[in-house]
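Trainee: Supplied in structure tokens, the structure appears directly below.
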Amino acid sequence: MYESAVQNLIDELGRLPGVGPKSAQRIAFYILNAESSEMANLTDAIARVKKTVSFCEICGNVSETKLCAICRDEQRDPAVLCVVEESKDVVAVERTRSFTGRYHVLGGSINPMAGIGPEQLRIRELVARLSDERITELILAMDPNLEGEATATYLSRLLVPIGIRVSRLASGLPVGGDLEYADEITLGRALEGRRIISEGTRAEAADPAEDFEAALEAETEAKEQQAAAEQAAKGPRARWSGSMFDDLDSEDAATPSPTDGQDGGELRDAYEAKLEELKKTPLRTVAPEIPPIPGKTYVNPWT
């Protein structure tokens, strides 16, 4: 325990949101060690903000005048209204530079455990603003927690019967995040709120099995036609291509073929003469001195 003045300062600092006993103690000793002029500026800033800053009469945002800068801006779109919990949420949305409408600050969220219900929020003022026929869409920008979900659900059930368009901020994966680290609720909402890139033009198949068989038959037929076209482009294969009878074919090209109904004896005699001539020529392969197979003799294939 410290002196009464120091302990009183620590206790008052501990009442601030997000400041625990240790943090309050560090801040108190920082104030004790700081220059008096710095602390005077701090106290003046606190006194001034409590004296001059209030809430906008229309949207509930913090402002030093009756109307905040956003409500005074005539360039803002009056057809879209974004509902947020606190004034700090207005700054967060404005940093995106993607919203050009107007705002409505509820002043909190529904939290039965803390004794905060719809009566403690600026919901009546919101319903009164919807009497403006220029408003065509209402965006619910609550925090993605239990209290925010309860507030969004209550407002959607309350405002849908009015006939105005009500939308909710999408919940999903953050930029730069990994799927393996995402929880089930976040990943499920990312799937539900996915964006459509293209609707597609392919019609739904009545019978996928029949369509698959038809596609397979068409593919097989196309391959057969391609093979036939390639064979036709190559032309008929020569009967004696690369054979020792090529010169015989060239010499006796005018000899009638038996298939034409004429005598093929002359062609047969030519073949026999060619064979006799080949028998008299020496073999290209010299007979080995040692038979390749034991107990066998080398035989002239022409005899």
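Letters for chains follow the order of the structure tokens (A, B, ...), residue numbers begin at 1 for each chain, and ligand numbers begin at 1 in the order shown.
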Hey, what's within 12 Å of range 12-14 of chain A if we count only C-alpha atoms and toss same-chain stuff fewer than 5 positions away? As a list in words, please?
Mentor: Ala5, Val6, Gln7, Val19, Gly20, Pro21, Lys22, Ser23, Ala24, Gln25, Arg26, Ile27, Ala28, Phe29 and Ile31 of chain A
Trainee: Could you tell me which of A:Ala79, A:Val105, A:Ile123, A:Leu191 comes closest to Cys56 in chain A if we count only C-alpha atoms?
Mentor: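 Distance minimum relative to Cys56 in chain A lands on A:Val105.
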Trainee: Record the distance separating CA of Arg97 in chain A and CA of Ser63 in chain A, expressed in Å with one decimal.
Mentor: 20.4 Å
Trainee: I'd like the interatomic distance between CA of Leu158 in chain A and CA of Glu94 in chain A, to a tenth of an Å.
Mentor: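 Computed distance, CA of Leu158 in chain A to CA of Glu94 in chain A, equals 26.7 Å.
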Trainee: Got a sec: who's within 10 Å of Asn61 in chain A, counting only C-alpha atoms, leaving out chain neighbours fewer than 3 positions off, as a list of chain:residue names?
Mentor: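 My list of contacting residues is A:Ser54, A:Phe55, A:Cys56, A:Glu57, A:Ile58, A:Leu67, A:Cys68, A:Ala69, A:Ile70, A:Cys71, A:Val84, A:Glu86, A:Ser87, A:Lys88, A:Asp89, A:Val90, A:Tyr103, A:His104, A:Val105, A:Leu106, A:Gly107.
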Trainee: Running DSSP on the backbone, which parts of range 142-229 of chain A land in helix (DSSP H, G or I), as an NGL selection string?
Mentor: :A and (146-162 or 179-181 or 184-192 or 208-229)
